[in-house]
>>> print(open('my_file_37.cif').read())   # mmCIF, C-alpha atoms and all ligand atoms
data_start
loop_
_atom_site.label_atom_id
_atom_site.label_comp_id
_atom_site.auth_asym_id
_atom_site.auth_seq_id
_atom_site.Cartn_x
_atom_site.Cartn_y
_atom_site.Cartn_z
CA MET E 1 -1.24 -11.43 -27.19
CA THR E 2 1.98 -9.70 -26.12
CA VAL E 3 1.90 -8.65 -22.49
CA PRO E 4 3.82 -5.41 -21.84
CA PRO E 5 6.28 -5.81 -18.94
CA PRO E 6 5.54 -4.48 -15.47
CA TRP E 7 7.58 -1.55 -14.22
CA ALA E 8 7.04 -1.86 -10.43
CA MET E 9 7.27 -4.61 -7.86
CA LEU E 10 6.05 -4.61 -4.27
CA ALA E 11 8.44 -6.94 -2.45
CA GLU E 12 6.80 -7.89 0.85
CA LEU E 13 9.93 -9.18 2.53
CA THR E 14 8.21 -10.18 5.78
CA HIS E 15 4.81 -9.82 7.42
CA ALA E 16 6.43 -9.47 10.86
CA CYS E 17 6.11 -5.95 12.28
CA PRO E 18 6.78 -4.14 15.55
CA LEU E 19 3.66 -1.99 15.13
CA HIS E 20 0.01 -3.01 15.50
CA CYS E 21 -1.87 -0.51 13.32
CA PRO E 22 -5.64 -1.12 13.13
CA TYR E 23 -5.65 0.06 9.48
CA CYS E 24 -3.13 -2.58 8.34
CA SER E 25 -4.02 -3.73 4.82
CA ASN E 26 -2.02 -6.95 5.09
CA PRO E 27 -4.15 -10.10 5.17
CA VAL E 28 -5.79 -11.26 8.37
CA GLU E 29 -3.81 -14.52 8.10
CA LEU E 30 -0.18 -13.45 8.02
CA ILE E 31 2.65 -15.50 6.54
CA GLY E 32 4.92 -16.66 9.37
CA ARG E 33 8.67 -16.09 9.36
CA ALA E 34 9.48 -19.78 8.85
CA ARG E 35 7.79 -19.66 5.43
CA GLU E 36 9.68 -16.60 4.18
CA LEU E 37 11.88 -16.73 1.09
CA ASP E 38 15.54 -16.90 2.01
CA THR E 39 18.33 -14.63 0.78
CA ALA E 40 19.00 -16.75 -2.30
CA GLY E 41 15.28 -16.69 -3.13
CA TRP E 42 15.04 -12.90 -2.98
CA THR E 43 18.33 -12.54 -4.88
CA ARG E 44 16.84 -14.60 -7.70
CA VAL E 45 13.60 -12.58 -7.59
CA MET E 46 15.57 -9.35 -8.02
CA ALA E 47 17.58 -10.75 -10.94
CA GLU E 48 14.40 -11.99 -12.63
CA ALA E 49 12.66 -8.66 -11.95
CA GLY E 50 15.47 -6.75 -13.67
CA ALA E 51 15.42 -9.16 -16.63
CA LEU E 52 11.63 -8.77 -16.93
CA GLY E 53 11.93 -4.98 -17.16
CA ILE E 54 10.92 -3.95 -13.64
CA VAL E 55 12.61 -0.68 -12.75
CA HIS E 56 11.27 0.07 -9.27
CA ALA E 57 10.97 -2.18 -6.20
CA HIS E 58 9.25 -1.12 -2.98
CA LEU E 59 10.88 -3.11 -0.17
CA SER E 60 8.01 -3.44 2.21
CA GLY E 61 6.35 -5.65 4.80
CA GLY E 62 5.55 -5.75 7.74
CA GLU E 63 8.83 -4.18 8.64
CA PRO E 64 11.57 -4.97 6.10
CA LEU E 65 14.30 -3.91 8.55
CA LEU E 66 13.53 -7.13 10.45
CA ARG E 67 15.24 -8.97 7.60
CA ARG E 68 18.90 -9.27 8.59
CA ASP E 69 19.75 -9.84 4.92
CA LEU E 70 18.08 -6.62 3.74
CA GLU E 71 21.44 -5.20 2.59
CA GLN E 72 22.02 -8.29 0.42
CA ILE E 73 18.54 -8.00 -1.08
CA VAL E 74 19.15 -4.32 -1.85
CA ALA E 75 22.50 -5.18 -3.42
CA ALA E 76 20.85 -7.86 -5.57
CA ALA E 77 18.29 -5.31 -6.80
CA GLU E 78 21.02 -2.79 -7.52
CA ALA E 79 22.99 -5.39 -9.49
CA ALA E 80 19.85 -6.11 -11.52
CA GLY E 81 19.31 -2.41 -12.29
CA VAL E 82 16.22 -2.13 -10.09
CA TYR E 83 15.70 1.14 -8.12
CA THR E 84 14.85 0.38 -4.48
CA GLN E 85 12.71 2.25 -1.99
CA LEU E 86 12.60 1.14 1.64
CA VAL E 87 9.06 1.34 3.05
CA THR E 88 9.52 1.36 6.81
CA SER E 89 8.11 2.25 10.20
CA GLY E 90 11.59 3.49 11.10
CA VAL E 91 11.82 1.01 13.97
CA GLY E 92 15.26 -0.60 13.71
CA LEU E 93 16.84 2.14 11.60
CA ASP E 94 20.05 3.62 12.98
CA GLY E 95 22.88 5.48 11.30
CA THR E 96 24.99 2.37 10.75
CA ARG E 97 22.18 0.37 9.18
CA LEU E 98 21.17 3.24 6.92
CA ALA E 99 24.78 3.73 5.79
CA GLU E 100 25.03 0.01 4.99
CA LEU E 101 21.79 0.07 3.05
CA ALA E 102 22.81 3.18 1.12
CA GLY E 103 26.18 1.55 0.44
CA ALA E 104 24.38 -1.48 -0.97
CA GLY E 105 22.45 0.76 -3.36
CA LEU E 106 19.26 1.83 -1.54
CA ARG E 107 17.84 4.83 -3.44
CA SER E 108 15.04 6.25 -1.28
CA VAL E 109 13.08 5.83 1.95
CA GLN E 110 9.39 6.10 2.73
CA LEU E 111 8.68 6.41 6.44
CA SER E 112 5.27 5.92 8.02
CA VAL E 113 3.89 8.08 10.81
CA GLN E 114 0.45 7.68 12.32
CA ASP E 115 -0.34 11.22 13.53
CA ALA E 116 1.26 14.55 14.35
CA THR E 117 2.06 14.05 18.04
CA ALA E 118 3.88 11.34 19.97
CA GLU E 119 0.83 10.60 22.05
CA THR E 120 -1.64 10.16 19.18
CA SER E 121 0.81 8.51 16.79
CA ASP E 122 1.87 5.95 19.40
CA HIS E 123 -1.77 5.33 20.29
CA LEU E 124 -2.65 4.56 16.65
CA ALA E 125 0.47 2.42 16.11
CA GLY E 126 -0.26 0.46 19.27
CA ALA E 127 3.42 0.87 20.17
CA ARG E 128 5.77 3.61 21.32
CA SER E 129 7.48 4.58 18.08
CA PHE E 130 7.13 8.32 17.36
CA ALA E 131 10.50 9.29 18.85
CA VAL E 132 12.20 6.58 16.79
CA LYS E 133 10.46 7.83 13.66
CA ARG E 134 11.61 11.38 14.33
CA ARG E 135 15.21 10.13 14.60
CA ALA E 136 14.82 8.01 11.47
CA ALA E 137 13.58 11.05 9.54
CA ALA E 138 16.64 13.04 10.61
CA LEU E 139 18.96 10.18 9.57
CA VAL E 140 17.39 9.89 6.11
CA ARG E 141 17.71 13.66 5.67
CA GLU E 142 21.35 13.61 6.73
CA ALA E 143 22.06 10.75 4.34
CA GLY E 144 20.67 12.87 1.51
CA LEU E 145 18.29 10.15 0.31
CA PRO E 146 14.93 11.14 -1.23
CA PHE E 147 12.55 11.06 1.72
CA GLY E 148 8.83 10.37 1.63
CA LEU E 149 6.39 10.29 4.51
CA ASN E 150 3.28 8.12 4.47
CA VAL E 151 0.30 8.85 6.68
CA VAL E 152 -2.78 6.62 6.55
CA LEU E 153 -5.81 8.83 7.17
CA HIS E 154 -9.08 7.92 8.89
CA ARG E 155 -11.58 9.17 11.41
CA HIS E 156 -9.03 9.33 14.24
CA ASN E 157 -6.46 11.59 12.56
CA LEU E 158 -8.14 13.45 9.66
CA ASP E 159 -8.87 16.43 11.91
CA SER E 160 -5.11 16.72 12.57
CA LEU E 161 -4.23 17.08 8.88
CA ASP E 162 -2.93 20.64 9.37
CA GLU E 163 -0.51 19.49 12.08
CA ILE E 164 0.45 16.37 10.09
CA ILE E 165 1.51 18.44 7.09
CA ALA E 166 3.35 20.87 9.38
CA LEU E 167 5.21 17.86 10.81
CA ALA E 168 6.18 16.72 7.30
CA VAL E 169 7.57 20.20 6.61
CA GLU E 170 9.46 20.18 9.95
CA TRP E 171 10.93 16.73 9.25
CA GLY E 172 12.04 17.80 5.78
CA ALA E 173 10.03 15.33 3.69
CA ASP E 174 10.24 15.65 -0.10
CA ARG E 175 6.83 14.05 -0.55
CA VAL E 176 3.91 13.17 1.70
CA GLU E 177 1.44 10.47 0.80
CA LEU E 178 -1.83 11.32 2.55
CA ALA E 179 -3.45 7.95 2.07
CA ASN E 180 -7.08 7.65 3.02
CA THR E 181 -7.56 4.16 4.42
CA GLN E 182 -8.22 1.40 1.90
CA PHE E 183 -10.41 -1.23 3.50
CA TYR E 184 -8.66 -4.53 2.77
CA GLY E 185 -7.24 -7.24 4.98
CA TRP E 186 -7.12 -6.30 8.64
CA ALA E 187 -8.41 -2.77 7.96
CA LEU E 188 -11.76 -4.17 6.83
CA ARG E 189 -12.30 -5.44 10.38
CA ASN E 190 -11.96 -1.87 11.62
CA ARG E 191 -14.08 -0.18 8.98
CA ASP E 192 -16.73 1.04 11.42
CA ALA E 193 -14.07 2.50 13.69
CA LEU E 194 -12.00 4.08 10.90
CA LEU E 195 -14.53 5.36 8.37
CA PRO E 196 -14.51 9.17 8.47
CA THR E 197 -17.55 11.39 8.08
CA ARG E 198 -18.20 13.47 4.96
CA ASP E 199 -17.76 16.64 7.04
CA GLN E 200 -14.36 15.49 8.22
CA LEU E 201 -13.27 14.83 4.65
CA ARG E 202 -14.52 18.22 3.46
CA ARG E 203 -12.58 19.98 6.22
CA ALA E 204 -9.45 17.93 5.41
CA GLU E 205 -9.71 18.81 1.72
CA ARG E 206 -9.92 22.51 2.59
CA THR E 207 -6.82 22.13 4.77
CA LEU E 208 -5.01 20.38 1.93
CA ASP E 209 -5.95 23.12 -0.55
CA ALA E 210 -4.71 25.80 1.86
CA TRP E 211 -1.35 24.04 2.24
CA ARG E 212 -1.02 23.56 -1.50
CA ALA E 213 -1.62 27.27 -2.03
CA ARG E 214 0.90 28.16 0.67
CA LEU E 215 3.77 25.82 -0.17
CA SER E 216 6.11 26.98 -2.90
CA GLY E 217 8.46 23.96 -2.63
CA PRO E 218 8.54 20.51 -1.03
CA PRO E 219 6.91 18.51 0.29
CA GLU E 220 4.78 17.41 -2.61
CA LEU E 221 1.36 16.60 -1.14
CA VAL E 222 -0.19 13.46 -2.62
CA TRP E 223 -3.83 12.83 -1.69
CA VAL E 224 -4.93 9.20 -2.08
CA VAL E 225 -8.67 9.59 -2.62
CA PRO E 226 -11.22 8.14 -0.22
CA ASP E 227 -13.01 6.24 -2.98
CA TYR E 228 -15.99 5.30 -0.77
CA PHE E 229 -16.99 8.97 -0.83
CA GLU E 230 -16.20 9.98 -4.41
CA GLY E 231 -18.60 7.91 -6.50
CA VAL E 232 -15.65 7.27 -8.79
CA PRO E 233 -13.57 4.09 -8.50
CA LYS E 234 -9.80 4.18 -8.30
CA PRO E 235 -7.82 2.63 -11.17
CA CYS E 236 -6.50 0.05 -8.72
CA MET E 237 -2.86 -0.94 -9.35
CA GLY E 238 -3.14 0.81 -12.74
CA GLY E 239 -5.12 -2.25 -13.84
CA TRP E 240 -4.85 -5.94 -12.95
CA GLY E 241 -1.57 -7.37 -14.23
CA ALA E 242 -0.87 -4.13 -16.11
CA VAL E 243 2.04 -2.31 -14.48
CA SER E 244 2.85 -3.92 -11.15
CA LEU E 245 3.14 -7.19 -9.26
CA THR E 246 3.45 -8.15 -5.59
CA VAL E 247 5.78 -10.83 -4.25
CA ALA E 248 4.55 -12.10 -0.86
CA PRO E 249 6.96 -13.12 1.93
CA ASP E 250 6.64 -16.80 0.98
CA GLY E 251 7.31 -16.17 -2.71
CA SER E 252 3.69 -16.23 -3.93
CA VAL E 253 3.17 -13.67 -6.66
CA LEU E 254 -0.05 -11.65 -6.78
CA PRO E 255 -1.33 -8.92 -9.09
CA CYS E 256 -2.03 -6.76 -6.01
CA PRO E 257 -1.38 -6.90 -2.26
CA GLY E 258 -5.08 -7.34 -1.47
CA ALA E 259 -5.65 -10.43 -3.59
CA TYR E 260 -4.68 -13.10 -1.04
CA THR E 261 -8.25 -14.08 -0.29
CA LEU E 262 -9.82 -13.81 -3.77
CA PRO E 263 -11.49 -17.15 -4.52
CA GLY E 264 -10.87 -19.27 -7.61
CA LEU E 265 -7.33 -18.04 -8.18
CA THR E 266 -4.13 -19.99 -7.61
CA PHE E 267 -1.23 -17.65 -7.09
CA PRO E 268 2.01 -18.99 -8.56
CA ASN E 269 5.19 -19.03 -6.51
CA VAL E 270 8.72 -17.99 -7.48
CA ARG E 271 9.97 -21.26 -5.97
CA GLU E 272 8.26 -23.09 -8.87
CA HIS E 273 8.05 -20.57 -11.72
CA GLY E 274 10.07 -17.73 -13.17
CA LEU E 275 8.74 -14.21 -12.77
CA ARG E 276 8.39 -13.83 -16.55
CA TRP E 277 6.18 -16.92 -16.85
CA ILE E 278 4.12 -15.77 -13.89
CA TRP E 279 3.59 -12.33 -15.42
CA GLU E 280 2.98 -13.42 -19.00
CA GLU E 281 1.35 -16.85 -18.71
CA SER E 282 -0.18 -17.57 -15.33
CA GLY E 283 -3.96 -17.78 -14.99
CA ALA E 284 -4.03 -15.53 -11.93
CA PHE E 285 -2.50 -12.64 -13.86
CA HIS E 286 -4.82 -13.13 -16.83
CA ALA E 287 -8.00 -13.38 -14.74
CA TYR E 288 -8.88 -9.66 -14.77
CA ARG E 289 -6.28 -8.31 -17.20
CA GLY E 290 -7.60 -5.87 -19.78
CA THR E 291 -11.34 -5.46 -20.31
CA ALA E 292 -12.57 -8.80 -21.74
CA TRP E 293 -13.66 -10.09 -18.30
CA MET E 294 -15.97 -7.15 -17.66
CA GLY E 295 -19.73 -7.43 -17.38
CA HIS E 296 -22.38 -4.73 -17.23
CA PRO E 297 -21.97 -1.77 -16.76
CA CYS E 298 -18.17 -1.65 -17.19
CA ALA E 299 -18.12 -3.48 -20.54
CA GLY E 300 -19.99 -0.67 -22.26
CA CYS E 301 -18.59 2.22 -20.24
CA PRO E 302 -16.33 4.86 -21.82
CA ARG E 303 -14.20 4.92 -18.64
CA ARG E 304 -13.28 1.22 -18.77
CA GLU E 305 -9.76 1.86 -20.08
CA ASP E 306 -9.21 4.58 -17.45
CA ASP E 307 -10.20 2.84 -14.21
CA PHE E 308 -10.37 -0.83 -15.31
CA GLY E 309 -13.64 -1.29 -13.41
CA GLY E 310 -12.03 -0.23 -10.12
CA CYS E 311 -10.68 -2.63 -7.55
CA ARG E 312 -11.28 -6.40 -7.74
CA CYS E 313 -10.52 -6.91 -4.07
CA GLN E 314 -13.00 -4.24 -3.05
CA ALA E 315 -15.66 -5.71 -5.35
CA TYR E 316 -15.13 -9.07 -3.67
CA ALA E 317 -15.02 -7.69 -0.13
CA ILE E 318 -18.32 -5.87 -0.58
CA THR E 319 -20.32 -8.02 -3.01
CA GLY E 320 -18.68 -11.46 -2.67
CA ASP E 321 -17.91 -11.45 -6.44
CA ALA E 322 -14.54 -10.15 -7.64
CA ALA E 323 -15.81 -9.82 -11.23
CA ARG E 324 -18.49 -7.24 -10.42
CA THR E 325 -18.06 -3.50 -10.92
CA ASP E 326 -16.35 -1.91 -7.93
CA PRO E 327 -19.25 -0.71 -5.73
CA ALA E 328 -17.35 2.56 -5.19
CA CYS E 329 -18.50 3.49 -8.72
CA ALA E 330 -21.77 5.45 -8.78
CA LEU E 331 -22.79 3.40 -11.85
CA SER E 332 -22.41 0.08 -10.05
CA PRO E 333 -25.68 -1.75 -9.27
CA ASP E 334 -24.12 -2.35 -5.84
CA HIS E 335 -23.29 1.29 -5.13
CA HIS E 336 -26.04 1.44 -2.49
CA LEU E 337 -23.88 -0.88 -0.34
CA ILE E 338 -21.28 1.89 -0.17
CA ARG E 339 -23.80 4.71 0.19
CA ARG E 340 -25.30 2.91 3.16
CA LEU E 341 -21.90 3.18 4.85
CA THR E 342 -21.10 6.76 3.87
CA ASP E 343 -24.53 8.36 4.03
CA GLY E 344 -26.33 6.31 6.65
CA ASP E 345 -26.10 7.01 10.36
CA PRO E 346 -22.48 7.81 11.16
CA PRO E 347 -20.70 4.93 12.88
CA ASP E 348 -20.63 5.12 16.66
CA PRO E 349 -17.52 7.23 17.48
CA ARG E 350 -16.85 4.94 20.43
CA THR E 351 -16.36 1.87 18.20
CA PRO E 352 -13.11 0.43 19.56
CA LEU E 353 -10.06 -0.08 17.36
CA VAL E 354 -8.99 -3.70 16.97
CA TYR E 355 -5.20 -3.71 16.96
CA ARG E 356 -3.13 -5.99 14.80
CA ARG E 357 -1.14 -8.54 16.78
CA PRO E 358 1.16 -10.27 14.29
CA ARG E 359 1.72 -13.96 14.79
CA ARG E 360 5.30 -14.63 15.83
CA ALA E 361 7.14 -17.62 14.42
FE1 LIG X 1 -15.34 2.44 -14.29
FE2 LIG X 1 -17.02 0.34 -14.62
FE3 LIG X 1 -17.80 2.50 -13.22
FE4 LIG X 1 -17.45 2.69 -15.88
S1 LIG X 1 -19.01 1.44 -14.81
S2 LIG X 1 -16.78 4.19 -14.36
S3 LIG X 1 -15.66 1.30 -16.19
S4 LIG X 1 -16.14 1.08 -12.69
FE1 LIG X 2 -6.57 -5.95 -5.32
FE2 LIG X 2 -7.45 -3.47 -5.83
S1 LIG X 2 -6.37 -4.20 -4.05
S2 LIG X 2 -7.38 -5.16 -7.20
#
>>> encode(input="my_file_37.cif", output="structure tokens")
Amino acid sequence: MTVPPPWAMLAELTHACPLHCPYCSNPVELIGRARELDTAGWTRVMAEAGALGIVHAHLSGGEPLLRRDLEQIVAAAEAAGVYTQLVTSGVGLDGTRLAELAGAGLRSVQLSVQDATAETSDHLAGARSFAVKRRAAALVREAGLPFGLNVVLHRHNLDSLDEIIALAVEWGADRVELANTQFYGWALRNRDALLPTRDQLRRAERTLDAWRARLSGPPELVWVVPDYFEGVPKPCMGGWGAVSLTVAPDGSVLPCPGAYTLPGLTFPNVREHGLRWIWEESGAFHAYRGTAWMGHPCAGCPRREDDFGGCRCQAYAITGDAARTDPACALSPDHHLIRRLTDGDPPDPRTPLVYRRPRRA
């Protein structure tokens, strides 16, 4: 069977990060700096990505600006014909660094912010960072690079959605990703503290509709659905091994950034295999590719080519079996496990947030 090439790559350059967000979707066990791929390793990855047909790389982390060789990695992507987007907290971005990155070929920037005010944003990040983010936004605007803002939404900031969108307008964002929390990795530990209520979500959707009706130009408002509440699973990653791959800081290659802990899979590493072999031949990428792996009810469902049975990592996190239908789907025999969370007694609003403290090498 011919495997169509991927078009996107998530390059997790490092797991190190100056922030401590409780909703972090990186794995609980982070990869330490000593195990990271070096400059030559990432240069080879970019060349192989271009040759494989990848057109878009998200340079992410952790905080990719912590890599002193980021400019070289960007240049390697540019030489390979791969469009690069920096996904950053903004911490460590100054005018000189941004000019160097743009000179190396960086094409766009996505900046995270945690809430609409310095006080609440810094509280959620677990670090003073809002003022730096504001400066970073201005620098990206001045540089004329396409500028996206990413805000992870949850119980502690959904009621500020109006102010968050107003902030995106003030900062001049072209696009805002309003990403309801996905409960993987560290975020799963904080599910009780982060899960919103249905009422909160309804109010937020009304706010979003009002802004969409009001705005005649940018920013584009992208709503990443809270799949726990929709009864409809998300087509995670556009399907397993279908359009995208993730390269971890140590060179392991995964079909998605949540797959680190899925049992029974050995993730190949770019130190031992070429990206093309990994994509086309490796067992990990074939495990849930297409529809042949599906059981009941997905196998006989008319939506199976649209949502690919939802998210494997979520199925595993909730049922302990990555091959089951995503319990976010109302047709899943495990859907009651989700309904218990969304429609049972609301979680205690005083549930404390557990902050992420990255291991330092
Ligand atoms: Fe999608 Fe499977 Fe649910 Fe059908 S049963 S909607 S294919 S997750
Ligand atoms: Fe891994 Fe959805 S995050 S398949």
>>> residues_around(input="my_file_37.cif", residues="range 35-50 of chain E", least_positions_apart="2", cutoff="9 Å", atoms="all atoms listed in the file", output="ChimeraX atom specification")
/E:6,8-9,11,13-15,31-33,52-55,57,69-70,72-82,247-251,270-271,274-276
>>> write_last_selection(input="my_file_37.cif", atoms="C-alpha atoms", output="mmCIF file, in the frame of the given file")
data_model
loop_
_atom_site.group_PDB
_atom_site.id
_atom_site.type_symbol
_atom_site.label_atom_id
_atom_site.label_comp_id
_atom_site.auth_asym_id
_atom_site.auth_seq_id
_atom_site.Cartn_x
_atom_site.Cartn_y
_atom_site.Cartn_z
ATOM 1 C CA PRO E 6 5.540 -4.480 -15.470
ATOM 2 C CA ALA E 8 7.040 -1.860 -10.430
ATOM 3 C CA MET E 9 7.270 -4.610 -7.860
ATOM 4 C CA ALA E 11 8.440 -6.940 -2.450
ATOM 5 C CA LEU E 13 9.930 -9.180 2.530
ATOM 6 C CA THR E 14 8.210 -10.180 5.780
ATOM 7 C CA HIS E 15 4.810 -9.820 7.420
ATOM 8 C CA ILE E 31 2.650 -15.500 6.540
ATOM 9 C CA GLY E 32 4.920 -16.660 9.370
ATOM 10 C CA ARG E 33 8.670 -16.090 9.360
ATOM 11 C CA LEU E 52 11.630 -8.770 -16.930
ATOM 12 C CA GLY E 53 11.930 -4.980 -17.160
ATOM 13 C CA ILE E 54 10.920 -3.950 -13.640
ATOM 14 C CA VAL E 55 12.610 -0.680 -12.750
ATOM 15 C CA ALA E 57 10.970 -2.180 -6.200
ATOM 16 C CA ASP E 69 19.750 -9.840 4.920
ATOM 17 C CA LEU E 70 18.080 -6.620 3.740
ATOM 18 C CA GLN E 72 22.020 -8.290 0.420
ATOM 19 C CA ILE E 73 18.540 -8.000 -1.080
ATOM 20 C CA VAL E 74 19.150 -4.320 -1.850
ATOM 21 C CA ALA E 75 22.500 -5.180 -3.420
ATOM 22 C CA ALA E 76 20.850 -7.860 -5.570
ATOM 23 C CA ALA E 77 18.290 -5.310 -6.800
ATOM 24 C CA GLU E 78 21.020 -2.790 -7.520
ATOM 25 C CA ALA E 79 22.990 -5.390 -9.490
ATOM 26 C CA ALA E 80 19.850 -6.110 -11.520
ATOM 27 C CA GLY E 81 19.310 -2.410 -12.290
ATOM 28 C CA VAL E 82 16.220 -2.130 -10.090
ATOM 29 C CA VAL E 247 5.780 -10.830 -4.250
ATOM 30 C CA ALA E 248 4.550 -12.100 -0.860
ATOM 31 C CA PRO E 249 6.960 -13.120 1.930
ATOM 32 C CA ASP E 250 6.640 -16.800 0.980
ATOM 33 C CA GLY E 251 7.310 -16.170 -2.710
ATOM 34 C CA VAL E 270 8.720 -17.990 -7.480
ATOM 35 C CA ARG E 271 9.970 -21.260 -5.970
ATOM 36 C CA GLY E 274 10.070 -17.730 -13.170
ATOM 37 C CA LEU E 275 8.740 -14.210 -12.770
ATOM 38 C CA ARG E 276 8.390 -13.830 -16.550
#
>>> atom_distance(input="my_file_37.cif", atom1="CA of Phe183 in chain E", atom2="CA of Asp345 in chain E")
19.0 Å
>>> closest_atom_pairs(input="my_file_37.cif", of="chain E", to="ligand LIG 1 (chain X)", cutoff="12 Å", atoms="all atoms listed in the file", output="JSON lines")
{"residue": "E:Asp227", "atom": "CA", "partner": "X:LIG1", "partner_atom": "S4", "distance": 11.4}
{"residue": "E:Glu230", "atom": "CA", "partner": "X:LIG1", "partner_atom": "S2", "distance": 11.5}
{"residue": "E:Gly231", "atom": "CA", "partner": "X:LIG1", "partner_atom": "FE3", "distance": 8.7}
{"residue": "E:Val232", "atom": "CA", "partner": "X:LIG1", "partner_atom": "S2", "distance": 6.5}
{"residue": "E:Pro233", "atom": "CA", "partner": "X:LIG1", "partner_atom": "S4", "distance": 5.8}
{"residue": "E:Lys234", "atom": "CA", "partner": "X:LIG1", "partner_atom": "S4", "distance": 8.3}
{"residue": "E:Pro235", "atom": "CA", "partner": "X:LIG1", "partner_atom": "FE1", "distance": 8.1}
{"residue": "E:Cys236", "atom": "CA", "partner": "X:LIG1", "partner_atom": "S4", "distance": 10.5}
{"residue": "E:Gly239", "atom": "CA", "partner": "X:LIG1", "partner_atom": "FE1", "distance": 11.3}
{"residue": "E:Gly290", "atom": "CA", "partner": "X:LIG1", "partner_atom": "S3", "distance": 11.4}
{"residue": "E:Thr291", "atom": "CA", "partner": "X:LIG1", "partner_atom": "S3", "distance": 9.0}
{"residue": "E:Ala292", "atom": "CA", "partner": "X:LIG1", "partner_atom": "S3", "distance": 11.9}
{"residue": "E:Trp293", "atom": "CA", "partner": "X:LIG1", "partner_atom": "FE2", "distance": 11.6}
{"residue": "E:Met294", "atom": "CA", "partner": "X:LIG1", "partner_atom": "FE2", "distance": 8.2}
{"residue": "E:Gly295", "atom": "CA", "partner": "X:LIG1", "partner_atom": "FE2", "distance": 8.7}
{"residue": "E:His296", "atom": "CA", "partner": "X:LIG1", "partner_atom": "S1", "distance": 7.4}
{"residue": "E:Pro297", "atom": "CA", "partner": "X:LIG1", "partner_atom": "S1", "distance": 4.8}
{"residue": "E:Cys298", "atom": "CA", "partner": "X:LIG1", "partner_atom": "FE2", "distance": 3.4}
{"residue": "E:Ala299", "atom": "CA", "partner": "X:LIG1", "partner_atom": "S3", "distance": 6.9}
{"residue": "E:Gly300", "atom": "CA", "partner": "X:LIG1", "partner_atom": "FE4", "distance": 7.6}
{"residue": "E:Cys301", "atom": "CA", "partner": "X:LIG1", "partner_atom": "FE4", "distance": 4.5}
{"residue": "E:Pro302", "atom": "CA", "partner": "X:LIG1", "partner_atom": "FE4", "distance": 6.4}
{"residue": "E:Arg303", "atom": "CA", "partner": "X:LIG1", "partner_atom": "S3", "distance": 4.6}
{"residue": "E:Arg304", "atom": "CA", "partner": "X:LIG1", "partner_atom": "S3", "distance": 3.5}
{"residue": "E:Glu305", "atom": "CA", "partner": "X:LIG1", "partner_atom": "S3", "distance": 7.1}
{"residue": "E:Asp306", "atom": "CA", "partner": "X:LIG1", "partner_atom": "FE1", "distance": 7.2}
{"residue": "E:Asp307", "atom": "CA", "partner": "X:LIG1", "partner_atom": "FE1", "distance": 5.2}
{"residue": "E:Phe308", "atom": "CA", "partner": "X:LIG1", "partner_atom": "S3", "distance": 5.8}
{"residue": "E:Gly309", "atom": "CA", "partner": "X:LIG1", "partner_atom": "S4", "distance": 3.5}
{"residue": "E:Gly310", "atom": "CA", "partner": "X:LIG1", "partner_atom": "S4", "distance": 5.0}
{"residue": "E:Cys311", "atom": "CA", "partner": "X:LIG1", "partner_atom": "S4", "distance": 8.4}
{"residue": "E:Arg312", "atom": "CA", "partner": "X:LIG1", "partner_atom": "S4", "distance": 10.2}
{"residue": "E:Gln314", "atom": "CA", "partner": "X:LIG1", "partner_atom": "S4", "distance": 11.4}
{"residue": "E:Ala315", "atom": "CA", "partner": "X:LIG1", "partner_atom": "S4", "distance": 10.0}
{"residue": "E:Ala323", "atom": "CA", "partner": "X:LIG1", "partner_atom": "FE2", "distance": 10.8}
{"residue": "E:Arg324", "atom": "CA", "partner": "X:LIG1", "partner_atom": "FE2", "distance": 8.8}
{"residue": "E:Thr325", "atom": "CA", "partner": "X:LIG1", "partner_atom": "S4", "distance": 5.3}
{"residue": "E:Asp326", "atom": "CA", "partner": "X:LIG1", "partner_atom": "S4", "distance": 5.6}
{"residue": "E:Pro327", "atom": "CA", "partner": "X:LIG1", "partner_atom": "S4", "distance": 7.8}
{"residue": "E:Ala328", "atom": "CA", "partner": "X:LIG1", "partner_atom": "S4", "distance": 7.7}
{"residue": "E:Cys329", "atom": "CA", "partner": "X:LIG1", "partner_atom": "FE3", "distance": 4.7}
{"residue": "E:Ala330", "atom": "CA", "partner": "X:LIG1", "partner_atom": "FE3", "distance": 6.6}
{"residue": "E:Leu331", "atom": "CA", "partner": "X:LIG1", "partner_atom": "S1", "distance": 5.2}
{"residue": "E:Ser332", "atom": "CA", "partner": "X:LIG1", "partner_atom": "S1", "distance": 6.0}
{"residue": "E:Pro333", "atom": "CA", "partner": "X:LIG1", "partner_atom": "S1", "distance": 9.2}
{"residue": "E:Asp334", "atom": "CA", "partner": "X:LIG1", "partner_atom": "FE3", "distance": 10.9}
{"residue": "E:His335", "atom": "CA", "partner": "X:LIG1", "partner_atom": "FE3", "distance": 9.9}
>>> closest_residue(input="my_file_37.cif", among="E:Asp115, E:Glu100, E:Glu63, E:Glu12", to="Glu163 in chain E", atoms="all atoms listed in the file")
E:Asp115
>>> closest_atom_pairs(input="my_file_37.cif", of="range 126-204 of chain E", to="range 212-218 of chain E", cutoff="8 Å", atoms="all atoms listed in the file", output="Markdown table")
| residue | atom | partner | partner_atom | distance |
| --- | --- | --- | --- | --- |
| E:Val169 | CA | E:Pro218 | CA | 7.7 |
| E:Ala173 | CA | E:Pro218 | CA | 7.2 |
| E:Asp174 | CA | E:Pro218 | CA | 5.2 |
| E:Arg175 | CA | E:Pro218 | CA | 6.7 |
>>> residues_around(input="my_file_37.cif", residues="Val87 in chain E", least_positions_apart="3", cutoff="10 Å", atoms="only C-alpha atoms", output="number ranges by chain")
E: 10-12, 58-65, 84, 90, 108-112, 148-150
>>> closest_residue(input="my_file_37.cif", among="E:Pro349, E:Pro226, E:Pro219, E:Gly264", to="Ala204 in chain E", atoms="all atoms listed in the file")
E:Pro226
